[in-house]
Structure formats: C-alpha cells, structure tokens
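Here is the file structure.csv (CSV, C-alpha atoms).
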chain,number,residue,atom,x,y,z
K,1,MET,CA,-21.6,-43.1,-16.1
K,2,SER,CA,-21.9,-42.6,-12.4
K,3,ARG,CA,-18.1,-42.3,-12.0
K,4,GLN,CA,-18.1,-39.2,-14.2
K,5,SER,CA,-20.9,-37.5,-12.5
K,6,ASN,CA,-19.1,-38.1,-9.2
K,7,ARG,CA,-16.2,-36.2,-10.7
K,8,THR,CA,-18.2,-33.1,-11.6
K,9,THR,CA,-19.8,-32.7,-8.2
K,10,ASP,CA,-16.5,-33.4,-6.7
K,11,SER,CA,-14.8,-30.6,-8.7
K,12,LYS,CA,-17.5,-28.1,-7.7
K,13,LYS,CA,-17.0,-29.1,-4.0
K,14,MET,CA,-13.2,-28.9,-4.5
K,15,ASN,CA,-13.4,-25.3,-5.6
K,16,SER,CA,-15.2,-24.3,-2.5
K,17,GLU,CA,-12.7,-26.2,-0.5
K,18,LEU,CA,-9.8,-24.4,-2.2
K,19,PHE,CA,-11.3,-21.1,-1.1
K,20,THR,CA,-12.0,-22.4,2.4
K,21,LEU,CA,-8.5,-23.8,2.9
K,22,THR,CA,-6.9,-20.7,1.4
K,23,TYR,CA,-8.9,-18.5,3.8
K,24,GLY,CA,-7.9,-20.7,6.7
K,25,ALA,CA,-4.2,-20.4,5.7
K,26,LEU,CA,-4.7,-16.6,5.6
K,27,VAL,CA,-6.3,-16.3,9.0
K,28,THR,CA,-3.6,-18.6,10.4
K,29,GLN,CA,-0.9,-16.3,8.9
K,30,LEU,CA,-2.6,-13.2,10.3
K,31,CYS,CA,-2.8,-14.7,13.8
K,32,LYS,CA,0.9,-15.4,13.6
K,33,ASP,CA,1.7,-11.9,12.5
K,34,TYR,CA,-0.5,-10.0,14.9
K,35,GLU,CA,-0.5,-10.5,18.6
K,36,ASN,CA,-4.1,-9.8,19.4
K,37,ASP,CA,-7.4,-10.8,17.9
K,38,GLU,CA,-8.7,-7.3,17.4
K,39,GLU,CA,-5.9,-6.5,15.0
K,40,VAL,CA,-6.7,-9.7,13.0
K,41,ASN,CA,-10.3,-8.7,12.9
K,42,LYS,CA,-9.5,-5.3,11.6
K,43,GLN,CA,-7.1,-6.7,8.9
K,44,LEU,CA,-9.7,-9.2,7.8
K,45,ASP,CA,-12.3,-6.4,7.5
K,46,LYS,CA,-9.9,-4.3,5.5
K,47,MET,CA,-9.0,-7.1,3.2
K,48,GLY,CA,-12.7,-7.9,2.8
K,49,TYR,CA,-13.4,-4.3,2.0
K,50,ASN,CA,-10.8,-4.4,-0.8
K,51,ILE,CA,-12.3,-7.5,-2.2
K,52,GLY,CA,-15.8,-6.1,-1.9
K,53,VAL,CA,-15.2,-3.0,-4.0
K,54,ARG,CA,-14.0,-5.3,-6.8
K,55,LEU,CA,-16.5,-8.1,-6.3
K,56,ILE,CA,-19.5,-5.8,-6.8
K,57,GLU,CA,-18.4,-5.2,-10.4
K,58,ASP,CA,-18.0,-8.9,-11.0
K,59,PHE,CA,-21.4,-9.4,-9.5
K,60,LEU,CA,-23.2,-6.8,-11.5
K,61,ALA,CA,-21.6,-8.0,-14.7
K,62,ARG,CA,-22.7,-11.5,-14.1
K,63,SER,CA,-26.1,-11.2,-12.6
K,64,SER,CA,-28.7,-9.1,-14.4
K,65,VAL,CA,-30.1,-7.4,-11.3
K,66,GLY,CA,-31.0,-3.8,-11.9
K,67,ARG,CA,-30.9,-1.0,-9.3
K,68,CYS,CA,-32.5,-1.8,-6.0
K,69,HIS,CA,-35.2,0.5,-4.9
K,70,ASP,CA,-35.0,0.1,-1.2
K,71,PHE,CA,-33.1,-1.6,1.5
K,72,ARG,CA,-35.4,-4.6,1.5
K,73,GLU,CA,-34.7,-5.3,-2.1
K,74,THR,CA,-31.0,-5.0,-1.4
K,75,ALA,CA,-31.3,-7.5,1.4
K,76,ASP,CA,-33.1,-10.0,-0.9
K,77,VAL,CA,-30.5,-9.6,-3.7
K,78,ILE,CA,-27.6,-10.1,-1.3
K,79,ALA,CA,-29.1,-13.2,0.2
K,80,LYS,CA,-30.7,-14.9,-2.8
K,81,VAL,CA,-28.4,-13.9,-5.6
K,82,ALA,CA,-25.0,-12.8,-4.3
K,83,PHE,CA,-24.5,-15.4,-1.6
K,84,LYS,CA,-25.9,-18.1,-3.8
K,85,MET,CA,-23.5,-17.1,-6.7
K,86,TYR,CA,-20.3,-16.9,-4.7
K,87,LEU,CA,-20.7,-19.2,-1.7
K,88,GLY,CA,-23.5,-21.5,-2.9
K,89,ILE,CA,-25.6,-20.9,0.2
K,90,THR,CA,-28.8,-18.9,0.6
K,91,PRO,CA,-29.1,-17.2,4.0
K,92,SER,CA,-32.5,-16.1,5.2
K,93,VAL,CA,-33.3,-12.5,5.8
K,94,THR,CA,-35.0,-11.9,9.2
K,95,ASN,CA,-35.3,-9.6,12.2
K,96,TRP,CA,-36.1,-6.4,10.4
K,97,SER,CA,-36.0,-3.4,12.6
K,98,PRO,CA,-39.2,-1.3,12.8
K,99,ALA,CA,-37.6,1.4,10.8
K,100,GLY,CA,-36.7,-1.0,8.1
K,101,ASP,CA,-33.0,0.0,8.1
K,102,GLU,CA,-31.5,-3.0,9.9
K,103,PHE,CA,-31.8,-6.8,9.2
K,104,SER,CA,-30.1,-10.1,9.9
K,105,LEU,CA,-28.8,-12.6,7.5
K,106,ILE,CA,-29.0,-16.1,9.1
K,107,LEU,CA,-26.6,-18.6,7.6
K,108,GLU,CA,-27.4,-22.2,8.5
K,109,SER,CA,-24.0,-23.3,7.3
K,110,ASN,CA,-20.9,-21.1,6.7
K,111,PRO,CA,-18.6,-22.6,4.0
K,112,LEU,CA,-15.7,-20.5,5.3
K,113,VAL,CA,-15.6,-22.5,8.6
K,114,ASP,CA,-15.6,-26.0,7.2
K,115,PHE,CA,-12.9,-27.9,9.0
K,116,VAL,CA,-12.3,-25.0,11.4
K,117,GLU,CA,-12.1,-25.0,15.2
K,118,LEU,CA,-11.2,-22.0,17.2
K,119,PRO,CA,-8.5,-22.7,19.8
K,120,ASP,CA,-9.2,-21.4,23.4
K,121,ASN,CA,-6.8,-18.5,23.2
K,122,HIS,CA,-8.6,-16.8,20.4
K,123,ASN,CA,-11.9,-16.0,22.0
K,124,SER,CA,-12.4,-12.6,20.4
K,125,LEU,CA,-11.4,-13.6,16.9
K,126,ILE,CA,-14.2,-13.1,14.4
K,127,TYR,CA,-13.0,-15.8,11.9
K,128,SER,CA,-15.4,-14.9,9.1
K,129,ASN,CA,-14.9,-11.1,9.4
K,130,LEU,CA,-13.8,-11.0,5.8
K,131,LEU,CA,-17.5,-11.3,4.9
K,132,CYS,CA,-18.3,-8.1,6.8
K,133,GLY,CA,-15.7,-6.2,4.9
K,134,VAL,CA,-16.8,-7.6,1.5
K,135,LEU,CA,-20.4,-6.6,2.1
K,136,ARG,CA,-19.4,-3.2,3.3
K,137,GLY,CA,-17.1,-2.5,0.4
K,138,ALA,CA,-19.5,-3.8,-2.2
K,139,LEU,CA,-22.4,-1.7,-0.9
K,140,GLU,CA,-20.3,1.4,-0.7
K,141,MET,CA,-19.7,1.1,-4.4
K,142,VAL,CA,-23.4,1.3,-5.0
K,143,GLN,CA,-23.8,4.3,-2.9
K,144,MET,CA,-24.9,2.7,0.4
K,145,ALA,CA,-23.0,3.2,3.6
K,146,VAL,CA,-23.7,0.2,5.9
K,147,ASP,CA,-22.5,-1.2,9.1
K,148,VAL,CA,-22.0,-5.0,9.1
K,149,ARG,CA,-21.2,-7.1,12.0
K,150,PHE,CA,-21.5,-10.7,13.3
K,151,ALA,CA,-24.2,-11.2,15.9
K,152,GLN,CA,-23.8,-14.9,16.2
K,153,ASP,CA,-21.1,-17.3,15.2
K,154,THR,CA,-21.2,-21.1,15.1
K,155,LEU,CA,-17.5,-21.2,15.8
K,156,ARG,CA,-18.2,-19.5,19.2
K,157,GLY,CA,-20.8,-22.0,20.1
K,158,ASP,CA,-24.0,-20.4,18.7
K,159,ASN,CA,-26.4,-22.5,16.7
K,160,VAL,CA,-26.3,-20.3,13.6
K,161,THR,CA,-24.2,-17.6,12.1
K,162,GLU,CA,-26.0,-14.3,12.1
K,163,ILE,CA,-24.8,-11.2,10.3
K,164,ARG,CA,-26.5,-7.9,11.2
K,165,MET,CA,-26.6,-5.2,8.6
K,166,LYS,CA,-27.6,-1.7,9.3
K,167,PHE,CA,-28.2,1.0,6.7
K,168,ILE,CA,-26.4,4.2,7.7
K,169,LYS,CA,-26.9,6.6,4.8
K,170,ARG,CA,-27.0,7.0,1.1
K,171,ILE,CA,-23.6,8.2,-0.3
K,172,GLU,CA,-24.1,11.2,-2.5
K,173,GLU,CA,-22.0,11.1,-5.7
K,174,ASN,CA,-19.5,13.9,-5.4
K,175,LEU,CA,-19.3,15.8,-8.7
K,176,PRO,CA,-16.1,17.6,-9.2
K,177,ALA,CA,-16.3,21.4,-8.9
K,178,GLY,CA,-17.2,23.1,-12.1
K,179,ASP,CA,-19.6,20.4,-13.2
K,180,GLU,CA,-23.3,21.2,-13.4
N,1,MET,CA,-19.8,-23.8,-4.4
N,2,ALA,CA,-17.3,-21.0,-4.0
N,3,ASP,CA,-16.9,-19.2,-7.3
N,4,ASP,CA,-13.7,-19.1,-9.2
N,5,ALA,CA,-13.7,-15.3,-9.1
N,6,LEU,CA,-13.9,-15.3,-5.3
N,7,PHE,CA,-10.7,-17.4,-5.0
N,8,GLN,CA,-8.9,-15.1,-7.4
N,9,PHE,CA,-9.9,-12.0,-5.4
N,10,LEU,CA,-8.8,-13.6,-2.2
N,11,HIS,CA,-5.5,-14.8,-3.7
N,12,ASN,CA,-4.8,-11.2,-4.9
N,13,GLU,CA,-5.6,-9.8,-1.5
N,14,VAL,CA,-3.3,-12.4,0.2
N,15,ILE,CA,-0.4,-11.3,-2.1
N,16,GLN,CA,-1.1,-7.7,-1.4
N,17,TYR,CA,-1.1,-8.3,2.3
N,18,VAL,CA,2.1,-10.3,2.4
N,19,TYR,CA,3.9,-7.6,0.4
N,20,LYS,CA,2.5,-4.8,2.4
N,21,SER,CA,3.5,-6.3,5.7
N,22,ALA,CA,7.0,-6.7,4.2
N,23,GLU,CA,7.3,-3.0,3.6
N,24,ASN,CA,6.9,-2.4,7.3
N,25,GLY,CA,9.5,-5.0,8.4
N,26,GLU,CA,12.7,-5.6,6.6
N,27,MET,CA,11.8,-8.5,4.3
N,28,GLU,CA,13.0,-8.8,0.8
N,29,ASN,CA,11.1,-10.2,-2.1
N,30,GLY,CA,12.4,-13.7,-1.5
N,31,ARG,CA,10.9,-13.9,2.0
N,32,CYS,CA,7.5,-12.9,0.6
N,33,ILE,CA,7.6,-15.5,-2.1
N,34,THR,CA,8.5,-18.1,0.5
N,35,LYS,CA,5.6,-17.0,2.7
N,36,LEU,CA,3.2,-17.3,-0.2
N,37,GLU,CA,4.7,-20.6,-1.2
N,38,SER,CA,4.3,-22.1,2.2
N,39,MET,CA,0.7,-21.0,2.5
N,40,GLY,CA,0.1,-22.7,-0.8
N,41,PHE,CA,1.9,-25.8,0.5
N,42,ARG,CA,-0.5,-26.2,3.4
N,43,VAL,CA,-3.5,-25.6,1.2
N,44,GLY,CA,-2.2,-28.1,-1.3
N,45,GLN,CA,-1.8,-30.8,1.3
N,46,GLY,CA,-5.3,-30.4,2.6
N,47,LEU,CA,-6.8,-30.2,-0.9
N,48,ILE,CA,-5.2,-33.4,-2.2
N,49,GLU,CA,-6.3,-35.3,0.9
N,50,ARG,CA,-9.9,-34.4,0.3
N,51,PHE,CA,-9.7,-35.0,-3.4
N,52,THR,CA,-8.0,-38.4,-3.5
N,53,LYS,CA,-10.1,-39.9,-0.7
N,54,ASP,CA,-11.8,-42.4,-3.1
N,55,THR,CA,-9.2,-42.5,-5.9
N,56,ALA,CA,-7.4,-45.7,-6.7
N,57,ARG,CA,-3.7,-46.1,-5.7
N,58,PHE,CA,-1.3,-44.5,-8.2
N,59,LYS,CA,0.8,-46.8,-10.2
N,60,ASP,CA,3.9,-44.7,-10.4
N,61,GLU,CA,5.3,-41.2,-10.4
N,62,LEU,CA,4.2,-40.5,-13.9
N,63,ASP,CA,0.7,-41.5,-12.9
N,64,ILE,CA,0.8,-39.0,-10.1
N,65,MET,CA,2.0,-36.2,-12.4
N,66,LYS,CA,-0.8,-37.0,-14.9
N,67,PHE,CA,-3.3,-36.8,-12.1
N,68,ILE,CA,-2.0,-33.4,-11.1
N,69,CYS,CA,-2.1,-32.3,-14.7
N,70,LYS,CA,-5.6,-33.5,-15.4
N,71,ASP,CA,-7.9,-34.0,-12.4
N,72,PHE,CA,-6.2,-31.7,-9.9
N,73,TRP,CA,-5.6,-28.8,-12.3
N,74,THR,CA,-9.2,-29.2,-13.6
N,75,SER,CA,-10.8,-28.9,-10.3
N,76,VAL,CA,-8.6,-26.0,-9.1
N,77,PHE,CA,-8.3,-24.1,-12.4
N,78,LYS,CA,-11.2,-25.4,-14.5
N,79,LYS,CA,-8.9,-26.6,-17.2
N,80,GLN,CA,-6.1,-29.2,-17.7
N,81,ILE,CA,-2.4,-28.6,-18.1
N,82,ASP,CA,-1.8,-28.1,-21.8
N,83,ASN,CA,1.5,-29.9,-22.0
N,84,LEU,CA,3.5,-32.2,-19.8
N,85,ARG,CA,7.1,-33.0,-20.5
N,86,THR,CA,9.6,-35.1,-18.6
N,87,ASN,CA,13.1,-36.4,-18.9
N,88,HIS,CA,12.0,-39.6,-17.1
N,89,GLN,CA,14.6,-38.8,-14.5
N,90,GLY,CA,12.6,-36.9,-12.0
N,91,ILE,CA,12.1,-33.6,-13.8
N,92,TYR,CA,8.6,-32.6,-15.1
N,93,VAL,CA,7.6,-29.5,-16.9
N,94,LEU,CA,3.9,-28.6,-16.7
N,95,GLN,CA,2.9,-26.0,-19.3
N,96,ASP,CA,-0.3,-24.0,-19.0
N,97,ASN,CA,-0.9,-21.8,-21.9
N,98,LYS,CA,-3.6,-19.8,-20.3
N,99,PHE,CA,-3.0,-19.8,-16.6
N,100,ARG,CA,-6.1,-18.6,-14.8
N,101,LEU,CA,-4.4,-16.4,-12.2
N,102,LEU,CA,-2.4,-14.5,-14.9
N,103,THR,CA,-5.2,-13.9,-17.5
N,104,GLN,CA,-6.4,-10.8,-15.7
N,105,LEU,CA,-2.9,-9.5,-15.3
N,106,SER,CA,-1.7,-9.0,-18.8
N,107,ALA,CA,-1.7,-10.7,-22.3
N,108,GLY,CA,1.9,-10.3,-23.2
N,109,LYS,CA,5.0,-9.0,-21.7
N,110,GLN,CA,3.6,-6.1,-19.7
N,111,TYR,CA,4.0,-6.5,-15.9
N,112,LEU,CA,6.2,-9.5,-16.4
N,113,GLU,CA,8.2,-8.6,-13.3
N,114,TYR,CA,5.1,-9.0,-11.1
N,115,ALA,CA,4.2,-12.4,-12.4
N,116,PRO,CA,6.3,-14.5,-9.9
N,117,LYS,CA,4.2,-13.1,-7.1
N,118,TYR,CA,1.1,-14.6,-8.6
N,119,LEU,CA,2.8,-18.0,-9.2
N,120,ALA,CA,4.3,-18.6,-5.8
N,121,PHE,CA,1.0,-19.8,-4.2
N,122,THR,CA,0.4,-22.2,-7.0
N,123,CYS,CA,3.9,-23.6,-6.8
N,124,GLY,CA,3.3,-24.3,-3.1
N,125,LEU,CA,-0.1,-25.8,-4.0
N,126,VAL,CA,1.5,-28.3,-6.3
N,127,ARG,CA,4.4,-29.1,-3.9
N,128,GLY,CA,1.9,-29.6,-1.0
N,129,GLY,CA,-0.3,-31.9,-3.2
N,130,LEU,CA,2.7,-34.0,-4.2
N,131,SER,CA,4.0,-34.1,-0.7
N,132,ASN,CA,0.8,-35.7,0.6
N,133,LEU,CA,0.9,-38.2,-2.2
N,134,GLY,CA,4.3,-39.3,-0.9
N,135,VAL,CA,6.4,-37.4,-3.4
N,136,LYS,CA,9.0,-34.9,-2.2
N,137,SER,CA,9.7,-32.2,-4.7
N,138,ILE,CA,10.8,-28.7,-5.5
N,139,VAL,CA,8.4,-26.7,-7.7
N,140,THR,CA,9.4,-23.5,-9.5
N,141,ALA,CA,7.6,-21.5,-12.1
N,142,GLU,CA,8.7,-19.4,-15.0
N,143,VAL,CA,6.8,-17.2,-17.3
N,144,SER,CA,7.9,-15.4,-20.5
N,145,VAL,CA,4.7,-14.4,-22.2
N,146,MET,CA,1.6,-14.1,-20.1
N,147,PRO,CA,-0.8,-15.8,-19.6
N,148,ALA,CA,1.3,-18.9,-20.5
N,149,CYS,CA,3.6,-20.2,-17.8
N,150,LYS,CA,5.6,-23.3,-17.0
N,151,PHE,CA,5.8,-25.1,-13.7
N,152,GLN,CA,8.9,-27.2,-13.2
N,153,VAL,CA,8.7,-30.0,-10.7
N,154,MET,CA,12.0,-31.6,-9.5
N,155,ILE,CA,11.4,-34.9,-7.7
N,156,GLN,CA,13.7,-35.3,-4.7
N,157,LYS,CA,14.7,-38.8,-4.1
Using structure tokens, write down the structure that the file contains.
Amino acid sequence: MSRQSNRTTDSKKMNSELFTLTYGALVTQLCKDYENDEEVNKQLDKMGYNIGVRLIEDFLARSSVGRCHDFRETADVIAKVAFKMYLGITPSVTNWSPAGDEFSLILESNPLVDFVELPDNHNSLIYSNLLCGVLRGALEMVQMAVDVRFAQDTLRGDNVTEIRMKFIKRIEENLPAGDE
Amino acid sequence: MADDALFQFLHNEVIQYVYKSAENGEMENGRCITKLESMGFRVGQGLIERFTKDTARFKDELDIMKFICKDFWTSVFKKQIDNLRTNHQGIYVLQDNKFRLLTQLSAGKQYLEYAPKYLAFTCGLVRGGLSNLGVKSIVTAEVSVMPACKFQVMIQK
C-alpha cells in the first residue's frame, strides 16, 4: 500500500536527519564552549579523526573492497563506496593534480548541512570539518597520510562543497624491535 | 541515508567530548548527563516535527506513547520497543530488550556503571519528541543487564 512505502522511505530519511540534527547540536555546543571558530574547527577535526579510525574497520567489514593499488583507486572507493554507504551521496572526483597526488571531491549536496545557516559572527567556522577528520583518520589506518581540507563550502556562499585531498606519504608499519 | 553506524560513532564521540571537557572544568557527572540530555532534547524536538508532518492527530496520551514505541523507535533505532507498561496515571515504562546504543558496550553486567552515559541522549530525545507533541514529561532510564534497558516516562500535568 502506498502508505506503507511512504513509511519506509520516511524512516530512511529520518535516520539521516537524526545524524544531521545530532551533528548540529554538537556544533552548537562546541560554539558555546569555545570562544573562537578556529578552536571549534580543531575540535571537530579531532573528533572526526577518532570516528575515522573506527569507521574504517566498519567500512572494510561491510564492503568487500580489497586493497587499493594507487591513490586514484582510493579516491574512487571513497567517493563511490564509502560516501554512498554512510551518507547516501556520491561526490564526483575531479581536479587531479599533474602528479596524481591531489584531487577534489565535489559534493552537490551535503547532508550535514540540511537545515543549517551560519550566523554572521562565525565566518571562519568550517561546519563540516568533522568530515576532514574522518577521512584523515580512516586513511591513516590503511597506511596513508593525507591532508584534507575544505576548498569550497555551500554554507559560505559557494555553489558546491569541495573537499581537497592531498596524499602526503605512505605510513610504514613499524615493527617492534627484535622482529624480523 | 546516513547509516546507523555513523550515528553511533558520532554519539560516542559526543559523550567522550562532554566528559573530557568536564575533566578540565569542575563539572560532576550530573552536569555531563544534563548536557547530553539537553542535546538530545533539541534533537528530539526537531526530529518529531519532521516525522509527524503528515501524521493524523493523536487521539490521546496513550496513542502518543504507542507512536513513540512503534514508529519513532523504529525510525531511530530500527526496531520497536519490546514492552510498554503504564499505570494509566501518567507513568509509562518503555522496555527495550536490545537497545542499539548498548549492544556494542557489553552483554551482561560488565561496564554497568558506564551505561547511564549512553542513555542520557536518548532520554532527552524522547523528552524532546514528547514536548513538541504537547506532552511535558520527565524521562529517566535504568539498566540492570545490558543490552536491555527501561525508559521511564512521567507525564507532568
């Protein structure tokens, strides 16, 4: 019956709204606790990092992607599998640097910022900075050191949200002394 | 659609943050629980508004509680409340035998003392939801064996 199907799509939407609203409450609380936006950005990044190091395990357990052979494959997996699985959106991967170590994720819509408007006194707040931390933390757990930052943000008046990711280096696994 | 796991991770981070910032200041456990509960309250208010946009008017208090137990709980926690009891005088006990936010914590009595932290947000969620449906209440939670827990709703007239 049409009423029932309405319920299921509603419940899926509801879940994303739960996350969006909780994230909003968190950012509001952070803004109250810290005086300046830079501190809030740092906190969001740190929290995102903590989430990322755990999320990667959940991701690897649930998807059946194997090891990525290069950064391009990593970018595709992030955009097409990870974002789709957790946020229900598929950003596009563009703007590759000539060396192939830097790219942009373009998000047409950012579920974190549904219902959000930035007030005037928070111009340097990067609202979705949690995402940067998550990506950084998750990739660090698979031996990749990356730098993630927001290049464009719809909340600040840009048309799209753009996340710039730069590969820094491969993290060597440190074997404890005495091992071969 | 944001995944269930994502909300759980975020929820845990929020709890960690609130308790860490308490260590620096001089806040006791009670203040942290209150902070978490009021965050849940605001989220619950917003959530119930979005969810009941097209729902028919509720007949009475019991109808509202049944809605919370079935539709609201299903959309937030992917399952219904297992047992609803009431004394028909404004007190309702919602029992969830496998509360989603506690399943990862333990399956028995281990870490019981940490359980209240993980329930505060949900108490606020229920209180916020009820508040925007016109019902003033106090919501508390108790847990004896994880992951089962009981939420007690006391309607304020």
* Kindly indicate which residue among N:Gly90, N:Gly124, N:Gly44, N:Gly134 lies nearest to chain K, using all atoms listed in the file for the distances. =>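 For chain K, the nearest of the candidates is N:Gly44.
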What are the residues of chain K lining chain N at 10 Å or less? Count only C-alpha atoms, and put the answer as a PDB file with C-alpha atoms, in the coordinates of the input.
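Listing of result-v3.pdb after writing:
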ATOM      1  CA  ARG K   7     -16.200 -36.200 -10.700  1.00  0.00           C
ATOM      2  CA  THR K   8     -18.200 -33.100 -11.600  1.00  0.00           C
ATOM      3  CA  THR K   9     -19.800 -32.700  -8.200  1.00  0.00           C
ATOM      4  CA  ASP K  10     -16.500 -33.400  -6.700  1.00  0.00           C
ATOM      5  CA  SER K  11     -14.800 -30.600  -8.700  1.00  0.00           C
ATOM      6  CA  LYS K  12     -17.500 -28.100  -7.700  1.00  0.00           C
ATOM      7  CA  LYS K  13     -17.000 -29.100  -4.000  1.00  0.00           C
ATOM      8  CA  MET K  14     -13.200 -28.900  -4.500  1.00  0.00           C
ATOM      9  CA  ASN K  15     -13.400 -25.300  -5.600  1.00  0.00           C
ATOM     10  CA  SER K  16     -15.200 -24.300  -2.500  1.00  0.00           C
ATOM     11  CA  GLU K  17     -12.700 -26.200  -0.500  1.00  0.00           C
ATOM     12  CA  LEU K  18      -9.800 -24.400  -2.200  1.00  0.00           C
ATOM     13  CA  PHE K  19     -11.300 -21.100  -1.100  1.00  0.00           C
ATOM     14  CA  THR K  20     -12.000 -22.400   2.400  1.00  0.00           C
ATOM     15  CA  LEU K  21      -8.500 -23.800   2.900  1.00  0.00           C
ATOM     16  CA  THR K  22      -6.900 -20.700   1.400  1.00  0.00           C
ATOM     17  CA  TYR K  23      -8.900 -18.500   3.800  1.00  0.00           C
ATOM     18  CA  GLY K  24      -7.900 -20.700   6.700  1.00  0.00           C
ATOM     19  CA  ALA K  25      -4.200 -20.400   5.700  1.00  0.00           C
ATOM     20  CA  LEU K  26      -4.700 -16.600   5.600  1.00  0.00           C
ATOM     21  CA  THR K  28      -3.600 -18.600  10.400  1.00  0.00           C
ATOM     22  CA  GLN K  29      -0.900 -16.300   8.900  1.00  0.00           C
ATOM     23  CA  LEU K  30      -2.600 -13.200  10.300  1.00  0.00           C
ATOM     24  CA  ASP K  33       1.700 -11.900  12.500  1.00  0.00           C
ATOM     25  CA  GLN K  43      -7.100  -6.700   8.900  1.00  0.00           C
ATOM     26  CA  LYS K  46      -9.900  -4.300   5.500  1.00  0.00           C
ATOM     27  CA  MET K  47      -9.000  -7.100   3.200  1.00  0.00           C
ATOM     28  CA  GLY K  48     -12.700  -7.900   2.800  1.00  0.00           C
ATOM     29  CA  ASN K  50     -10.800  -4.400  -0.800  1.00  0.00           C
ATOM     30  CA  ILE K  51     -12.300  -7.500  -2.200  1.00  0.00           C
ATOM     31  CA  GLY K  52     -15.800  -6.100  -1.900  1.00  0.00           C
ATOM     32  CA  ARG K  54     -14.000  -5.300  -6.800  1.00  0.00           C
ATOM     33  CA  LEU K  55     -16.500  -8.100  -6.300  1.00  0.00           C
ATOM     34  CA  ASP K  58     -18.000  -8.900 -11.000  1.00  0.00           C
ATOM     35  CA  PHE K  59     -21.400  -9.400  -9.500  1.00  0.00           C
ATOM     36  CA  PHE K  83     -24.500 -15.400  -1.600  1.00  0.00           C
ATOM     37  CA  LYS K  84     -25.900 -18.100  -3.800  1.00  0.00           C
ATOM     38  CA  MET K  85     -23.500 -17.100  -6.700  1.00  0.00           C
ATOM     39  CA  TYR K  86     -20.300 -16.900  -4.700  1.00  0.00           C
ATOM     40  CA  LEU K  87     -20.700 -19.200  -1.700  1.00  0.00           C
ATOM     41  CA  GLY K  88     -23.500 -21.500  -2.900  1.00  0.00           C
ATOM     42  CA  ILE K  89     -25.600 -20.900   0.200  1.00  0.00           C
ATOM     43  CA  PRO K 111     -18.600 -22.600   4.000  1.00  0.00           C
ATOM     44  CA  LEU K 112     -15.700 -20.500   5.300  1.00  0.00           C
ATOM     45  CA  LEU K 130     -13.800 -11.000   5.800  1.00  0.00           C
TER      46      LEU K 130
END
A straight line from CA of Ala148 in chain N to CA of Phe99 in chain N spans 5.9 Å
Closest of K:Ala82, K:Phe71, K:Leu107, K:Ile126 to Arg170 in chain K, counting all atoms listed in the file, is K:Phe71
Practice item. Could you tell me which of N:Val93, N:Leu133, N:Ile33, N:Met146 comes closest to Arg57 in chain N if we count only C-alpha atoms? Key: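 Result for the nearest residue to Arg57 in chain N: N:Leu133.
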Could you give me the centre and size, in Å to one decimal, of an axis-aligned box around all listed atoms of range 131-149 of chain K with 3 Å added on every side, as JSON?
{"center_x": -20.3, "center_y": -3.5, "center_z": 3.5, "size_x": 15.2, "size_y": 21.6, "size_z": 23.0}
Let me make sure I understand: among N:Ala56, N:Pro147, N:Ile15, N:Ile81, which one has the smallest atom-to-atom distance to Gln104 in chain N if we use only C-alpha atoms?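 For Gln104 in chain N, the nearest of the given residues is N:Pro147.
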For CA of Glu102 in chain K and CA of Ile56 in chain K, the interatomic separation in Å (one decimal)
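So the two atoms, CA of Glu102 in chain K and CA of Ile56 in chain K, lie 20.8 Å apart.
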Subject >> Atom-to-atom span, CA of Asn83 in chain N and CA of Glu142 in chain N, Å >> reply: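 Separating CA of Asn83 in chain N from CA of Glu142 in chain N is a distance of 14.5 Å.
Shown here are all protein and nucleic acid residues lying within 10 Å of (1.4, -37.7, -15.9), with all atoms listed in the file considered: Asp60, Glu61, Leu62, Asp63, Ile64, Met65, Lys66, Phe67, Ile68, Cys69, Lys70, Asn83, Leu84, Arg85, Thr86, Tyr92 and Leu94 of chain N.
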In terms of all atoms listed in the file, the residue from K:Val27, K:Val148, K:Ile78, K:Leu105 at minimal distance from Arg136 in chain K is K:Val148
